[in-house]
file start_30.pdb (PDB, C-alpha atoms)
ATOM      1  CA  MET M   1     -31.701   7.930   6.084
ATOM      2  CA  LEU M   2     -30.593   9.695   9.255
ATOM      3  CA  LEU M   3     -32.636   7.318  11.368
ATOM      4  CA  GLU M   4     -31.066   4.284   9.660
ATOM      5  CA  VAL M   5     -27.542   5.603  10.249
ATOM      6  CA  SER M   6     -28.161   6.527  13.873
ATOM      7  CA  LYS M   7     -29.657   3.170  14.788
ATOM      8  CA  LYS M   8     -26.298   1.552  14.021
ATOM      9  CA  SER M   9     -24.583   3.674  16.654
ATOM     10  CA  LEU M  10     -23.633   2.711  20.201
ATOM     11  CA  LEU M  11     -25.538   5.541  21.839
ATOM     12  CA  PRO M  12     -27.584   4.661  24.915
ATOM     13  CA  GLU M  13     -31.259   4.468  24.026
ATOM     14  CA  ARG M  14     -32.251   7.472  26.134
ATOM     15  CA  VAL M  15     -29.491   9.577  24.552
ATOM     16  CA  PHE M  16     -30.487   8.323  21.120
ATOM     17  CA  LYS M  17     -34.075   9.499  21.547
ATOM     18  CA  ILE M  18     -32.972  12.990  22.554
ATOM     19  CA  ALA M  19     -30.482  13.168  19.668
ATOM     20  CA  ILE M  20     -33.215  12.236  17.165
ATOM     21  CA  ASN M  21     -35.345  15.133  18.358
ATOM     22  CA  LEU M  22     -32.422  17.523  17.800
ATOM     23  CA  ASN M  23     -32.266  16.645  14.064
ATOM     24  CA  LEU M  24     -28.536  16.054  14.216
ATOM     25  CA  SER M  25     -26.601  15.377  11.034
ATOM     26  CA  PRO M  26     -24.976  11.942  10.517
ATOM     27  CA  VAL M  27     -21.583  13.506  11.247
ATOM     28  CA  GLU M  28     -22.868  14.931  14.537
ATOM     29  CA  PHE M  29     -24.365  11.556  15.434
ATOM     30  CA  ARG M  30     -21.001   9.829  14.896
ATOM     31  CA  ARG M  31     -19.168  12.492  16.835
ATOM     32  CA  LEU M  32     -21.638  12.246  19.710
ATOM     33  CA  GLU M  33     -21.167   8.492  19.767
ATOM     34  CA  HIS M  34     -17.379   8.889  19.843
ATOM     35  CA  VAL M  35     -17.361  11.432  22.663
ATOM     36  CA  LEU M  36     -19.701   9.379  24.823
ATOM     37  CA  ASN M  37     -17.745   6.128  24.388
ATOM     38  CA  ALA M  38     -14.079   7.016  23.827
ATOM     39  CA  GLU M  39     -11.498   8.035  26.412
ATOM     40  CA  ILE M  40     -11.099  11.785  26.823
ATOM     41  CA  LYS M  41      -7.400  12.537  27.193
ATOM     42  CA  TYR M  42      -6.505  15.624  29.172
ATOM     43  CA  GLN M  43      -4.345  16.708  32.091
ATOM     44  CA  LYS M  44      -6.399  17.616  35.158
ATOM     45  CA  SER M  45      -5.436  20.769  37.008
ATOM     46  CA  ASP M  46      -6.599  22.690  40.062
ATOM     47  CA  LEU M  47      -6.482  25.827  37.908
ATOM     48  CA  PHE M  48      -9.635  24.674  36.129
ATOM     49  CA  SER M  49     -11.620  25.826  39.165
ATOM     50  CA  ASN M  50      -9.938  29.257  39.156
ATOM     51  CA  SER M  51     -12.344  31.576  37.334
ATOM     52  CA  LEU M  52      -9.678  34.235  36.694
ATOM     53  CA  TRP M  53      -7.290  31.710  35.138
ATOM     54  CA  VAL M  54     -10.082  30.240  33.035
ATOM     55  CA  ARG M  55     -11.109  33.659  31.746
ATOM     56  CA  ASN M  56      -7.531  34.574  30.837
ATOM     57  CA  ILE M  57      -6.961  31.280  29.020
ATOM     58  CA  MET M  58     -10.212  31.402  27.108
ATOM     59  CA  GLU M  59      -9.693  35.030  26.067
ATOM     60  CA  ALA M  60      -5.999  34.619  25.185
ATOM     61  CA  GLN M  61      -5.198  35.092  21.485
ATOM     62  CA  VAL M  62      -2.227  33.246  19.999
ATOM     63  CA  ASN M  63      -0.849  34.894  16.878
ATOM     64  CA  ILE M  64       1.574  32.562  15.128
ATOM     65  CA  GLU M  65       3.868  33.970  12.445
ATOM     66  CA  PRO M  66       3.516  32.202   9.074
ATOM     67  CA  GLY M  67       6.318  29.740   8.422
ATOM     68  CA  ARG M  68       7.434  29.632  12.061
ATOM     69  CA  PRO M  69       6.389  27.144  14.752
ATOM     70  CA  PRO M  70       4.700  28.430  17.931
ATOM     71  CA  SER M  71       6.913  29.471  20.786
ATOM     72  CA  HIS M  72       7.002  27.637  24.103
ATOM     73  CA  SER M  73       4.702  30.195  25.754
ATOM     74  CA  GLN M  74       2.249  29.960  22.863
ATOM     75  CA  HIS M  75       2.240  26.196  23.158
ATOM     76  CA  GLU M  76       1.506  26.456  26.872
ATOM     77  CA  ILE M  77      -1.514  28.691  26.217
ATOM     78  CA  MET M  78      -2.916  26.505  23.446
ATOM     79  CA  PHE M  79      -2.479  23.251  25.352
ATOM     80  CA  ALA M  80      -3.869  24.725  28.569
ATOM     81  CA  LYS M  81      -6.958  25.802  26.633
ATOM     82  CA  LEU M  82      -7.195  22.414  24.898
ATOM     83  CA  HIS M  83      -7.094  20.533  28.182
ATOM     84  CA  TYR M  84      -9.618  22.855  29.782
ATOM     85  CA  LEU M  85     -12.015  22.341  26.852
ATOM     86  CA  ARG M  86     -11.687  18.595  27.294
ATOM     87  CA  HIS M  87     -12.286  19.030  31.010
ATOM     88  CA  ILE M  88     -15.592  20.721  30.177
ATOM     89  CA  ILE M  89     -16.487  17.927  27.742
ATOM     90  CA  ALA M  90     -15.723  15.256  30.345
ATOM     91  CA  ASN M  91     -17.982  16.957  32.912
ATOM     92  CA  ILE M  92     -20.857  17.274  30.448
ATOM     93  CA  ARG M  93     -20.457  13.648  29.380
ATOM     94  CA  ASP M  94     -20.593  12.464  32.988
ATOM     95  CA  LYS M  95     -23.745  14.503  33.480
ATOM     96  CA  ILE M  96     -25.391  12.948  30.422
ATOM     97  CA  LEU M  97     -24.427   9.368  31.241
ATOM     98  CA  ASN M  98     -25.301   9.560  34.938
ATOM     99  CA  SER M  99     -28.493  11.586  34.799
ATOM    100  CA  ASN M 100     -31.945  10.040  34.740
ATOM    101  CA  LYS M 101     -33.343  12.936  32.763
ATOM    102  CA  ILE M 102     -31.182  14.165  29.888
ATOM    103  CA  ARG M 103     -31.622  17.682  28.595
ATOM    104  CA  GLN M 104     -31.199  18.680  25.001
ATOM    105  CA  LYS M 105     -28.963  21.607  25.928
ATOM    106  CA  TRP M 106     -26.416  19.197  27.398
ATOM    107  CA  ILE M 107     -26.030  17.368  24.105
ATOM    108  CA  LYS M 108     -25.810  20.672  22.216
ATOM    109  CA  ALA M 109     -23.170  21.919  24.648
ATOM    110  CA  LEU M 110     -21.228  18.662  24.359
ATOM    111  CA  LEU M 111     -21.088  18.943  20.573
ATOM    112  CA  PHE M 112     -20.249  22.657  20.732
ATOM    113  CA  TRP M 113     -17.263  22.241  23.050
ATOM    114  CA  ASP M 114     -16.137  19.136  21.180
ATOM    115  CA  LYS M 115     -16.040  21.164  17.976
ATOM    116  CA  GLN M 116     -13.981  23.852  19.742
ATOM    117  CA  GLN M 117     -11.401  21.367  21.009
ATOM    118  CA  LEU M 118     -11.120  19.669  17.611
ATOM    119  CA  GLU M 119     -10.454  22.979  15.886
ATOM    120  CA  LEU M 120      -7.813  23.872  18.480
ATOM    121  CA  ARG M 121      -6.163  20.460  18.227
ATOM    122  CA  ASP M 122      -6.029  20.738  14.436
ATOM    123  CA  HIS M 123      -4.606  24.254  14.744
ATOM    124  CA  ILE M 124      -1.812  23.001  17.009
ATOM    125  CA  THR M 125      -1.023  20.125  14.649
ATOM    126  CA  THR M 126      -1.065  22.314  11.530
ATOM    127  CA  SER M 127       1.140  24.995  13.068
ATOM    128  CA  ASN M 128       3.775  22.337  13.896
ATOM    129  CA  MET M 129       3.751  20.547  10.524
ATOM    130  CA  GLY M 130       7.004  22.316   9.722
ATOM    131  CA  LEU M 131       8.715  19.908  12.132
ATOM    132  CA  VAL M 132       7.555  16.933  10.078
ATOM    133  CA  LEU M 133       8.508  18.515   6.749
ATOM    134  CA  ASN M 134      11.938  19.572   7.957
ATOM    135  CA  MET M 135      12.765  16.174   9.447
ATOM    136  CA  ALA M 136      11.499  14.346   6.349
ATOM    137  CA  GLN M 137      13.717  16.454   4.084
ATOM    138  CA  HIS M 138      16.807  15.574   6.122
ATOM    139  CA  CYS M 139      15.867  11.917   6.538
ATOM    140  CA  LYS M 140      18.244   9.438   4.858
ATOM    141  CA  TYR M 141      16.339   6.160   4.780
ATOM    142  CA  ALA M 142      16.712   4.091   1.621
ATOM    143  CA  ASN M 143      13.581   2.779  -0.117
ATOM    144  CA  VAL M 144      11.308   5.103   1.900
ATOM    145  CA  GLU M 145       9.365   7.616  -0.152
ATOM    146  CA  TYR M 146       9.024  11.224   0.965
ATOM    147  CA  GLY M 147       5.225  11.024   0.982
ATOM    148  CA  GLU M 148       5.281   8.011   3.300
ATOM    149  CA  LEU M 149       7.513   9.894   5.728
ATOM    150  CA  ILE M 150       5.139  12.865   5.727
ATOM    151  CA  SER M 151       2.144  10.625   6.383
ATOM    152  CA  GLU M 152       3.835   8.705   9.192
ATOM    153  CA  GLY M 153       5.261  11.881  10.733
ATOM    154  CA  SER M 154       1.853  13.581  10.670
ATOM    155  CA  MET M 155       0.296  10.682  12.569
ATOM    156  CA  ALA M 156       3.091  10.821  15.122
ATOM    157  CA  LEU M 157       2.561  14.568  15.547
ATOM    158  CA  LEU M 158      -1.141  14.004  16.109
ATOM    159  CA  ARG M 159      -0.432  11.359  18.759
ATOM    160  CA  VAL M 160       1.990  13.694  20.511
ATOM    161  CA  THR M 161      -0.624  16.446  20.558
ATOM    162  CA  GLU M 162      -3.008  14.065  22.327
ATOM    163  CA  CYS M 163      -0.652  13.112  25.156
ATOM    164  CA  TYR M 164       1.667  16.115  25.605
ATOM    165  CA  ASP M 165       1.722  17.481  29.177
ATOM    166  CA  TYR M 166       2.280  21.230  28.954
ATOM    167  CA  ARG M 167       2.916  21.456  32.705
ATOM    168  CA  LEU M 168       6.244  19.596  32.590
ATOM    169  CA  GLY M 169       8.060  22.637  31.248
ATOM    170  CA  PHE M 170       9.997  21.203  28.314
ATOM    171  CA  GLN M 171       9.555  22.329  24.722
ATOM    172  CA  PHE M 172       6.799  20.719  22.680
ATOM    173  CA  SER M 173       9.115  20.627  19.660
ATOM    174  CA  THR M 174      11.625  18.493  21.605
ATOM    175  CA  TYR M 175       8.947  15.988  22.515
ATOM    176  CA  ALA M 176       7.431  16.022  19.006
ATOM    177  CA  CYS M 177      10.744  15.637  17.141
ATOM    178  CA  ARG M 178      11.643  12.604  19.180
ATOM    179  CA  ALA M 179       8.294  10.964  18.421
ATOM    180  CA  ILE M 180       8.505  11.862  14.721
ATOM    181  CA  GLY M 181      12.031  10.452  14.465
ATOM    182  CA  LYS M 182      10.921   7.192  16.073
ATOM    183  CA  SER M 183       8.005   6.928  13.651
ATOM    184  CA  PHE M 184      10.411   7.352  10.712
ATOM    185  CA  SER M 185      12.636   4.621  12.120
ATOM    186  CA  ARG M 186       9.708   2.223  12.591
ATOM    187  CA  LEU M 187       8.526   2.901   9.039
ATOM    188  CA  ALA M 188      11.992   2.241   7.586
ATOM    189  CA  LYS M 189      12.301  -1.038   9.511
ATOM    190  CA  LYS M 190       8.834  -2.115   8.405
ATOM    191  CA  ILE M 191       9.599  -1.445   4.734
ATOM    192  CA  TYR M 192      12.989  -3.182   5.028
ATOM    193  CA  ARG M 193      11.405  -6.309   6.517
ATOM    194  CA  TYR M 194       8.720  -6.330   3.845
ATOM    195  CA  ASN M 195      11.230  -5.965   1.003
ATOM    196  CA  HIS M 196      13.563  -8.541   2.540
ATOM    197  CA  ILE M 197      10.821 -11.143   2.918
ATOM    198  CA  SER M 198       9.102 -10.568  -0.422
ATOM    199  CA  GLN M 199      12.259 -10.114  -2.508
ATOM    200  CA  LEU M 200      12.566 -12.664  -5.312
ATOM    201  CA  HIS M 201      15.725 -13.356  -7.302
ATOM    202  CA  PHE M 202      15.211 -13.004 -11.034
ATOM    203  CA  ASP M 203      15.196 -16.327 -12.840
ATOM    204  CA  PRO M 204      14.850 -16.038 -16.639
ATOM    205  CA  THR M 205      13.602 -19.610 -16.861
ATOM    206  CA  LEU M 206      10.590 -18.630 -14.742
ATOM    207  CA  GLU M 207       9.697 -15.794 -17.094
ATOM    208  CA  VAL M 208       9.467 -17.932 -20.282
ATOM    209  CA  ASP M 209       6.872 -20.558 -21.077
ATOM    210  CA  THR M 210       8.822 -23.336 -22.823
ATOM    211  CA  THR M 211       5.851 -25.632 -23.397
ATOM    212  CA  CYS M 212       5.442 -24.778 -27.080
ATOM    213  CA  GLN M 213       9.179 -24.985 -27.637
ATOM    214  CA  GLN M 214       9.287 -28.438 -26.029
ATOM    215  CA  LEU M 215       6.393 -29.628 -28.180
ATOM    216  CA  ARG M 216       8.098 -28.416 -31.344
ATOM    217  CA  GLN M 217      11.328 -30.084 -30.303
ATOM    218  CA  GLN M 218       9.490 -33.363 -29.630
ATOM    219  CA  ARG M 219       7.751 -33.244 -33.002
ATOM    220  CA  LEU M 220      11.060 -32.516 -34.740
ATOM    221  CA  SER M 221      12.680 -35.457 -32.964
ATOM    222  CA  ASP M 222       9.809 -37.746 -33.939
ATOM    223  CA  SER M 223      10.011 -36.544 -37.543
ATOM    224  CA  ILE M 224      13.733 -37.222 -37.703
ATOM    225  CA  LEU M 225      13.257 -40.736 -36.350
ATOM    226  CA  GLN M 226      10.536 -41.367 -38.900
ATOM    227  CA  LEU M 227      12.751 -39.934 -41.641
ATOM    228  CA  ARG M 228      15.620 -42.209 -40.591
ATOM    229  CA  HIS M 229      13.271 -45.189 -40.756
ATOM    230  CA  TYR M 230      12.214 -44.497 -44.340
ATOM    231  CA  ILE M 231      15.577 -43.412 -45.637
ATOM    232  CA  LEU M 232      17.516 -46.325 -44.165
ATOM    233  CA  GLY M 233      14.751 -48.848 -44.668
ATOM    234  CA  GLN M 234      14.456 -51.115 -47.665
ATOM    235  CA  ARG M 235      10.771 -50.586 -48.342
ATOM    236  CA  THR M 236      11.068 -47.042 -49.668
ATOM    237  CA  GLU M 237      10.839 -46.230 -53.353
ATOM    238  CA  LEU M 238      13.744 -43.769 -53.174
ATOM    239  CA  SER M 239      16.645 -44.012 -55.570
ATOM    240  CA  GLU M 240      20.183 -44.273 -54.226
ATOM    241  CA  ILE M 241      20.951 -40.653 -55.187
ATOM    242  CA  GLU M 242      17.796 -39.450 -53.405
ATOM    243  CA  LYS M 243      18.689 -41.425 -50.277
ATOM    244  CA  GLU M 244      22.222 -40.051 -50.337
ATOM    245  CA  ILE M 245      21.054 -36.453 -50.661
ATOM    246  CA  LEU M 246      18.574 -36.882 -47.815
ATOM    247  CA  ARG M 247      21.249 -38.519 -45.632
ATOM    248  CA  LEU M 248      23.594 -35.599 -46.206
ATOM    249  CA  ARG M 249      20.889 -32.952 -45.990
ATOM    250  CA  PHE M 250      19.312 -34.204 -42.754
ATOM    251  CA  SER M 251      22.375 -35.833 -41.175
ATOM    252  CA  VAL M 252      21.004 -39.388 -41.184
ATOM    253  CA  GLY M 253      22.881 -42.665 -40.914
ATOM    254  CA  GLN M 254      26.645 -42.562 -41.215
ATOM    255  CA  TYR M 255      26.571 -38.811 -41.800
ATOM    256  CA  LYS M 256      25.482 -37.904 -38.270
ATOM    257  CA  GLY M 257      26.683 -34.462 -37.428
ATOM    258  CA  THR M 258      25.974 -31.028 -38.870
ATOM    259  CA  PRO M 259      23.480 -31.120 -41.786
ATOM    260  CA  MET M 260      25.053 -30.026 -45.084
ATOM    261  CA  THR M 261      23.813 -27.211 -47.260
ATOM    262  CA  LEU M 262      22.571 -27.730 -50.810
ATOM    263  CA  LYS M 263      25.730 -26.119 -52.142
ATOM    264  CA  ASP M 264      28.019 -28.399 -50.092
ATOM    265  CA  ILE M 265      26.083 -31.491 -51.172
ATOM    266  CA  GLY M 266      26.363 -30.393 -54.818
ATOM    267  CA  SER M 267      30.116 -29.979 -54.446
ATOM    268  CA  THR M 268      30.402 -33.436 -52.856
ATOM    269  CA  LEU M 269      28.330 -35.198 -55.512
ATOM    270  CA  GLY M 270      29.467 -33.076 -58.449
ATOM    271  CA  LEU M 271      26.016 -31.587 -59.105
ATOM    272  CA  SER M 272      24.705 -28.043 -59.125
ATOM    273  CA  LYS M 273      22.930 -26.540 -56.147
ATOM    274  CA  GLU M 274      19.665 -26.282 -58.096
ATOM    275  CA  ARG M 275      19.842 -29.934 -59.193
ATOM    276  CA  ILE M 276      20.340 -31.030 -55.591
ATOM    277  CA  ARG M 277      17.232 -28.987 -54.637
ATOM    278  CA  GLN M 278      15.163 -30.684 -57.334
ATOM    279  CA  ILE M 279      16.213 -34.180 -56.238
ATOM    280  CA  GLN M 280      15.568 -33.330 -52.582
ATOM    281  CA  ASN M 281      12.053 -32.027 -53.308
ATOM    282  CA  GLN M 282      11.303 -35.086 -55.412
ATOM    283  CA  ALA M 283      12.465 -37.383 -52.600
ATOM    284  CA  VAL M 284      10.408 -35.476 -49.986
ATOM    285  CA  LEU M 285       7.281 -35.855 -52.140
ATOM    286  CA  LYS M 286       7.842 -39.592 -52.337
ATOM    287  CA  LEU M 287       8.273 -39.806 -48.561
ATOM    288  CA  GLY M 288       5.091 -37.801 -48.040
ATOM    289  CA  LYS M 289       3.167 -40.215 -50.245
ATOM    290  CA  ILE M 290       4.561 -43.201 -48.337
ATOM    291  CA  VAL M 291       3.624 -41.661 -44.950
ATOM    292  CA  ARG M 292       0.064 -40.904 -46.089
ATOM    293  CA  GLU M 293      -0.388 -44.442 -47.314
TER
END
call {"tool": "encode", "arguments": {"input": "start_30.pdb", "output": "structure tokens"}}
result
Amino acid sequence: MLLEVSKKSLLPERVFKIAINLNLSPVEFRRLEHVLNAEIKYQKSDLFSNSLWVRNIMEAQVNIEPGRPPSHSQHEIMFAKLHYLRHIIANIRDKILNSNKIRQKWIKALLFWDKQQLELRDHITTSNMGLVLNMAQHCKYANVEYGELISEGSMALLRVTECYDYRLGFQFSTYACRAIGKSFSRLAKKIYRYNHISQLHFDPTLEVDTTCQQLRQQRLSDSILQLRHYILGQRTELSEIEKEILRLRFSVGQYKGTPMTLKDIGSTLGLSKERIRQIQNQAVLKLGKIVRE
């Protein structure tokens, strides 16, 4: 499995063979590939050749109080150490890539110092997360969720950690807050553009399927036309009283308008409501027989 994963990497063949013999884990293989191919960002300094300065930086302990960001002097120590670690990694990488005979200890050293610089970078980022949280809490962008601000601010903080030059003298928090604020602004603009483009106005007619209703209406219209044909025609076997009740009941012929109720028809013709119902049902049965025939 390890061999299958490693063969997909971009490691030079000679480095790949040495790495296989070291029994590296898949994670170490991917990290080795990244270090050998990606740009190593660090600020070069003449102090890196000063053994006393190097010893002091590497032995310096930075104790950060919980809940408080590092001070300017603490940031200077941590970033100086971070850049020196990356300086070591860059030198080892050049040795590996430019040497005809690669030694296993070089690859081990490369991975060791890479792990040290990653842990220090993560420590710097974690200790300054309070900047992101504080700015997100006081951010007043509509339609932007708090979690999205935290995510975007964290990425901005990580980018700042990669490119911050500790030698310039200004506070890391000043540089970081500016980058975090810009990332919030970009996120808000992105969400606004997305909502503005994808926003749809609510149209109730688009939410209802009127196909069945239209079919029912068409069938009703056809039935009424057919009913008019049989009621007004001369070939039906309906009596005059049956035709009259159907005309009034279904608004056919000269009685076009609002259909009358059984009670109203009974009052008009001087019959009871129940008698009108009986005559209507009898007439409907006759019409049904005529239609079937």
call {"tool": "closest_residue", "arguments": {"input": "start_30.pdb", "among": "M:Ile88, M:Ala60, M:Met155, M:Cys139", "to": "M:His75", "atoms": "all atoms listed in the file"}}
result
M:Ala60
call {"tool": "closest_residue", "arguments": {"input": "start_30.pdb", "among": "M:Gln74, M:His138, M:Val35, M:Ile124", "to": "M:Asp94", "atoms": "only C-alpha atoms"}}
result
M:Val35
call {"tool": "resolve_selection", "arguments": {"input": "start_30.pdb", "expression": "the PyMOL selection byres ((chain M and resi 175) around 12)", "output": "number ranges by chain"}}
result
M: 72, 128, 131, 156-157, 159-161, 163-166, 168-174, 176-182
call {"tool": "atom_distance", "arguments": {"input": "start_30.pdb", "atom1": "atom CA of M:Leu118", "atom2": "atom CA of M:Tyr84"}}
result
12.7 Å
call {"tool": "residues_around", "arguments": {"input": "start_30.pdb", "residues": "M:Leu110", "least_positions_apart": "5", "cutoff": "8 Å", "atoms": "only C-alpha atoms", "output": "list in words"}}
result
Leu32, Ile89, Ile92 and Arg93 of chain M
call {"tool": "closest_residue", "arguments": {"input": "start_30.pdb", "among": "M:His83, M:Lys101, M:Arg14, M:Arg68", "to": "M:Gly130", "atoms": "all atoms listed in the file"}}
result
M:Arg68
call {"tool": "closest_residue", "arguments": {"input": "start_30.pdb", "among": "M:Ser127, M:Ser154, M:Gln43, M:Arg31", "to": "M:Asp114", "atoms": "only C-alpha atoms"}}
result
M:Arg31
call {"tool": "atom_distance", "arguments": {"input": "start_30.pdb", "atom1": "atom CA of M:Ala283", "atom2": "atom CA of M:Ser267"}}
result
19.2 Å
call {"tool": "residues_around", "arguments": {"input": "start_30.pdb", "residues": "stretch 21-23 of chain M", "least_positions_apart": "2", "cutoff": "12 Å", "atoms": "all atoms listed in the file", "output": "PDB file with C-alpha atoms, in the coordinates of the input"}}
result
ATOM      1  CA  MET M   1     -31.701   7.930   6.084  1.00  0.00           C
ATOM      2  CA  LEU M   2     -30.593   9.695   9.255  1.00  0.00           C
ATOM      3  CA  LEU M   3     -32.636   7.318  11.368  1.00  0.00           C
ATOM      4  CA  SER M   6     -28.161   6.527  13.873  1.00  0.00           C
ATOM      5  CA  ARG M  14     -32.251   7.472  26.134  1.00  0.00           C
ATOM      6  CA  VAL M  15     -29.491   9.577  24.552  1.00  0.00           C
ATOM      7  CA  PHE M  16     -30.487   8.323  21.120  1.00  0.00           C
ATOM      8  CA  LYS M  17     -34.075   9.499  21.547  1.00  0.00           C
ATOM      9  CA  ILE M  18     -32.972  12.990  22.554  1.00  0.00           C
ATOM     10  CA  ALA M  19     -30.482  13.168  19.668  1.00  0.00           C
ATOM     11  CA  SER M  25     -26.601  15.377  11.034  1.00  0.00           C
ATOM     12  CA  PRO M  26     -24.976  11.942  10.517  1.00  0.00           C
ATOM     13  CA  VAL M  27     -21.583  13.506  11.247  1.00  0.00           C
ATOM     14  CA  GLU M  28     -22.868  14.931  14.537  1.00  0.00           C
ATOM     15  CA  PHE M  29     -24.365  11.556  15.434  1.00  0.00           C
ATOM     16  CA  ARG M 103     -31.622  17.682  28.595  1.00  0.00           C
ATOM     17  CA  GLN M 104     -31.199  18.680  25.001  1.00  0.00           C
ATOM     18  CA  LYS M 105     -28.963  21.607  25.928  1.00  0.00           C
ATOM     19  CA  TRP M 106     -26.416  19.197  27.398  1.00  0.00           C
ATOM     20  CA  ILE M 107     -26.030  17.368  24.105  1.00  0.00           C
ATOM     21  CA  LYS M 108     -25.810  20.672  22.216  1.00  0.00           C
ATOM     22  CA  LEU M 111     -21.088  18.943  20.573  1.00  0.00           C
TER      23      LEU M 111
END
call {"tool": "closest_residue", "arguments": {"input": "start_30.pdb", "among": "M:Ile40, M:Val54, M:Lys81, M:Leu11", "to": "M:Leu97", "atoms": "all atoms listed in the file"}}
result
M:Leu11
call {"tool": "closest_residue", "arguments": {"input": "start_30.pdb", "among": "M:Ala188, M:Gln278, M:Thr268, M:Tyr141", "to": "M:Glu242", "atoms": "only C-alpha atoms"}}
result
M:Gln278
call {"tool": "atom_distance", "arguments": {"input": "start_30.pdb", "atom1": "atom CA of M:Phe184", "atom2": "atom CA of M:Leu149"}}
result
6.3 Å
call {"tool": "resolve_selection", "arguments": {"input": "start_30.pdb", "expression": "the PyMOL selection byres ((chain M and resi 281) around 12)", "output": "list of chain:residue names"}}
result
M:Leu238, M:Glu242, M:Lys243, M:Ile245, M:Leu246, M:Arg249, M:Leu262, M:Glu274, M:Arg275, M:Ile276, M:Arg277, M:Gln278, M:Ile279, M:Gln280, M:Gln282, M:Ala283, M:Val284, M:Leu285, M:Lys286, M:Leu287, M:Gly288
call {"tool": "write_last_selection", "arguments": {"input": "start_30.pdb", "atoms": "C-alpha atoms", "output": "PDB file, in the frame of the given file"}}
result
ATOM      1  CA  LEU M 238      13.744 -43.769 -53.174  1.00  0.00           C
ATOM      2  CA  GLU M 242      17.796 -39.450 -53.405  1.00  0.00           C
ATOM      3  CA  LYS M 243      18.689 -41.425 -50.277  1.00  0.00           C
ATOM      4  CA  ILE M 245      21.054 -36.453 -50.661  1.00  0.00           C
ATOM      5  CA  LEU M 246      18.574 -36.882 -47.815  1.00  0.00           C
ATOM      6  CA  ARG M 249      20.889 -32.952 -45.990  1.00  0.00           C
ATOM      7  CA  LEU M 262      22.571 -27.730 -50.810  1.00  0.00           C
ATOM      8  CA  GLU M 274      19.665 -26.282 -58.096  1.00  0.00           C
ATOM      9  CA  ARG M 275      19.842 -29.934 -59.193  1.00  0.00           C
ATOM     10  CA  ILE M 276      20.340 -31.030 -55.591  1.00  0.00           C
ATOM     11  CA  ARG M 277      17.232 -28.987 -54.637  1.00  0.00           C
ATOM     12  CA  GLN M 278      15.163 -30.684 -57.334  1.00  0.00           C
ATOM     13  CA  ILE M 279      16.213 -34.180 -56.238  1.00  0.00           C
ATOM     14  CA  GLN M 280      15.568 -33.330 -52.582  1.00  0.00           C
ATOM     15  CA  GLN M 282      11.303 -35.086 -55.412  1.00  0.00           C
ATOM     16  CA  ALA M 283      12.465 -37.383 -52.600  1.00  0.00           C
ATOM     17  CA  VAL M 284      10.408 -35.476 -49.986  1.00  0.00           C
ATOM     18  CA  LEU M 285       7.281 -35.855 -52.140  1.00  0.00           C
ATOM     19  CA  LYS M 286       7.842 -39.592 -52.337  1.00  0.00           C
ATOM     20  CA  LEU M 287       8.273 -39.806 -48.561  1.00  0.00           C
ATOM     21  CA  GLY M 288       5.091 -37.801 -48.040  1.00  0.00           C
TER      22      GLY M 288
END
call {"tool": "residues_around", "arguments": {"input": "start_30.pdb", "residues": "M:Asp264", "least_positions_apart": "5", "cutoff": "10 Å", "atoms": "all atoms listed in the file", "output": "JSON, numbers by chain"}}
result
{"M": [248, 249, 259, 269, 270, 271, 272, 273, 276]}
